[in-house]
Amino acid sequence: MLGNFSYCNPTKLYFGDDSLKFLGNELKKYGDNVLLVYGGGSIKRNGIYEDVIEILRAAGKNVAELPGVMPNPTLQKLYEGIEAARKQRTDMILAVGGGSVCDYAKALSVSVNCSEDPWDKYFIRFEEPECETLPVGCVLTMAGTGSEMNAGAVITNPEKKLKIGHVFADEKIMPRFSILNPKYTLTLPKYQMVAGVYDIFNHICEQYFSGDDDNTSDYISEGLMRSLLHSSRKAVKDPLNYEARSNLMWTATWALNTLVAKGKSCDWMIHMLGQSVGAMTNATHGMTLAAVSLQYYRHILTYALPKFARFAANVWDVCVNGKTEEEIAREGLAAMEGWMKHLGLVMNITELGATKEMIPDLVKGTLILKGGYKVLDESEVAEIFRRSL
Ligand code: NZQ
Ligand code: ZN
């Protein structure tokens, strides 16, 4: 049964290879002082920066730049952004980049006028902002996180060895608009492209593998997964295939814009395991998920055989005739493993820099959630990390 819920997603999307032309009109809705936030330089190499700057100039904006937002943005970088935004008296934040840049812009939005330390308030106590927040707009250059249409922000605190995400409850933290041009993703290195693909897949799985009720969200999820498998195979073979890359980008947005979580329970345990690996190693987000996923799913499989068997049949086309539910379920995961290897994903945490000696810290950094089919204890978390080495 679908549970009760409210649904509102205010992010306006512009999708397609001409979508940047709508930026100028959007900018008119906000004040003159724009803080342009971006990453380590990819937008300068592929020409997106020049195009965005030209539109900002034509709109008569006062632009301050905040470059250098790193993958897995840090708390230190957030402090730097708070100072820059206060100095500029920023009216709106324009994020141009991947999920890290979009997340960072949202974290900045709730922190600029906050009188408390944002780490303690938002990432330890998970409170909502009471201060005035700044509007955020995104020009997305990488498909994966869904950050372009959700209220999530993930910040890493290297000193505390913690990487923590907060999904804000208030829709006004979601980007006011996002520009999704699939062509922008064509310059992504293959490693980042496939990490993004797995991030998308895992977002859908985290919302799918929970609960045993019949609900529309799971059927939507199966459709999204099938589309993703198809497009990812095409994109790995032919990375410049616009059709495949545009479908990947659109699937990423729908995988984590709150829709498929509506009316059902969700798990998110793989993200907790992956974030702990990310905090210790600074590895690419999607790869941290790929490296622990199969060990986690094989660990919880027997607690949810009907759902894993459904996944095998409906997503992987596993033939069910004459097989037990467990055989079907295991075949589904084997098919998933084959696809992951075909993409070239990192399948263990050793390759990401994790060691046996880190396991106690990895366990400490893993938040244990209760939404899944099996609530883990710390010894099970340690065992999953050990098997993922
Ligand atoms: O920094 P630049 O130079 O721009 O390079 C980036 C970066 O090195 C590069 N890149 C991005 N677009 C490119 C490109 N290179 C060439 N051409 C392009 N068009 O790719 C690298 C990775 O970028 P990043 O933004 O870090 O990747 P992603 O989009 O995967 O974002 C990861 C962050 O998002 C968080 C993750 O934890 C991680 O911190 N997440 C946010 C979520 C949310 N808001 O809901 C949910 C996710 O589960 C995730 O946790
Ligand atoms: Zn993710």
# chains A, B, ... in the order shown; residues from 1 in each chain; ligands from 1
>>> residues_near_ligand(ligand="ligand 2", cutoff="9 Å", atoms="only C-alpha atoms and all ligand atoms", output="ChimeraX atom specification")
/A:144-146,196,198-203,256,271,274-275,285-286,289
>>> residues_around(residues="Trp119 in chain A", least_positions_apart="4", cutoff="12 Å", atoms="only C-alpha atoms", output="PyMOL selection string")
chain A and resi 74-79+107-108+110-111+114-115+123-127+153-157+160+162-166
>>> atom_distance(atom1="CA of Asn215 in chain A", atom2="CA of Asn4 in chain A")
11.9 Å
>>> select_by_dssp(residues="range 284-384 of chain A", states="alpha helix (DSSP H)", output="PyMOL selection string")
chain A and resi 285-300+305-316+325-343+359-364+378-384
>>> closest_residue(among="A:Ser6, A:Ser19, A:Asn314, A:Gln207", to="ligand 1", atoms="only C-alpha atoms and all ligand atoms")
A:Gln207
>>> residues_around(residues="Glu325 in chain A", least_positions_apart="4", cutoff="8 Å", atoms="only C-alpha atoms", output="list in words")
Leu305, Pro306, Ala309 and Ala329 of chain A
>>> select_by_dssp(residues="range 117-301 of chain A", states="strand (DSSP E)", output="NGL selection string")
:A and (136-140 or 152-157 or 162-167 or 177-180)
>>> write_last_selection(atoms="C-alpha atoms", output="PDB file, in the first residue's frame")
ATOM      1  CA  VAL A 136      20.620  28.386  -6.133  1.00  0.00           C
ATOM      2  CA  GLY A 137      20.612  27.722  -9.876  1.00  0.00           C
ATOM      3  CA  CYS A 138      22.560  24.895 -11.524  1.00  0.00           C
ATOM      4  CA  VAL A 139      24.167  24.282 -14.883  1.00  0.00           C
ATOM      5  CA  LEU A 140      24.857  20.562 -14.651  1.00  0.00           C
ATOM      6  CA  GLY A 152      20.520  17.044  -0.681  1.00  0.00           C
ATOM      7  CA  ALA A 153      24.005  18.270   0.138  1.00  0.00           C
ATOM      8  CA  VAL A 154      26.935  16.061   1.116  1.00  0.00           C
ATOM      9  CA  ILE A 155      29.934  17.585   2.897  1.00  0.00           C
ATOM     10  CA  THR A 156      33.162  15.874   3.955  1.00  0.00           C
ATOM     11  CA  ASN A 157      34.996  16.679   7.153  1.00  0.00           C
ATOM     12  CA  LEU A 162      33.268  11.828   8.215  1.00  0.00           C
ATOM     13  CA  LYS A 163      31.298  12.343   5.017  1.00  0.00           C
ATOM     14  CA  ILE A 164      27.708  13.248   5.778  1.00  0.00           C
ATOM     15  CA  GLY A 165      24.712  14.108   3.636  1.00  0.00           C
ATOM     16  CA  HIS A 166      21.686  16.110   4.687  1.00  0.00           C
ATOM     17  CA  VAL A 167      18.503  16.048   2.646  1.00  0.00           C
ATOM     18  CA  PHE A 177      16.267  25.975 -11.820  1.00  0.00           C
ATOM     19  CA  SER A 178      18.650  23.523 -13.432  1.00  0.00           C
ATOM     20  CA  ILE A 179      19.997  23.499 -16.953  1.00  0.00           C
ATOM     21  CA  LEU A 180      20.597  19.992 -18.249  1.00  0.00           C
TER      22      LEU A 180
END
>>> atom_distance(atom1="atom 41 (C, counted along the ligand's line) of ligand 1", atom2="CA of Cys102 in chain A")
8.2 Å
>>> closest_residue(among="A:Glu327, A:Glu206, A:Asp103, A:Glu380", to="ligand 1", atoms="only C-alpha atoms and all ligand atoms")
A:Asp103
>>> residues_around(residues="range 63-73 of chain A", least_positions_apart="4", cutoff="8 Å", atoms="only C-alpha atoms", output="ChimeraX atom specification")
/A:33-41,56,77-78,81,84,88,100-101,104,154-156,278,282,284-285
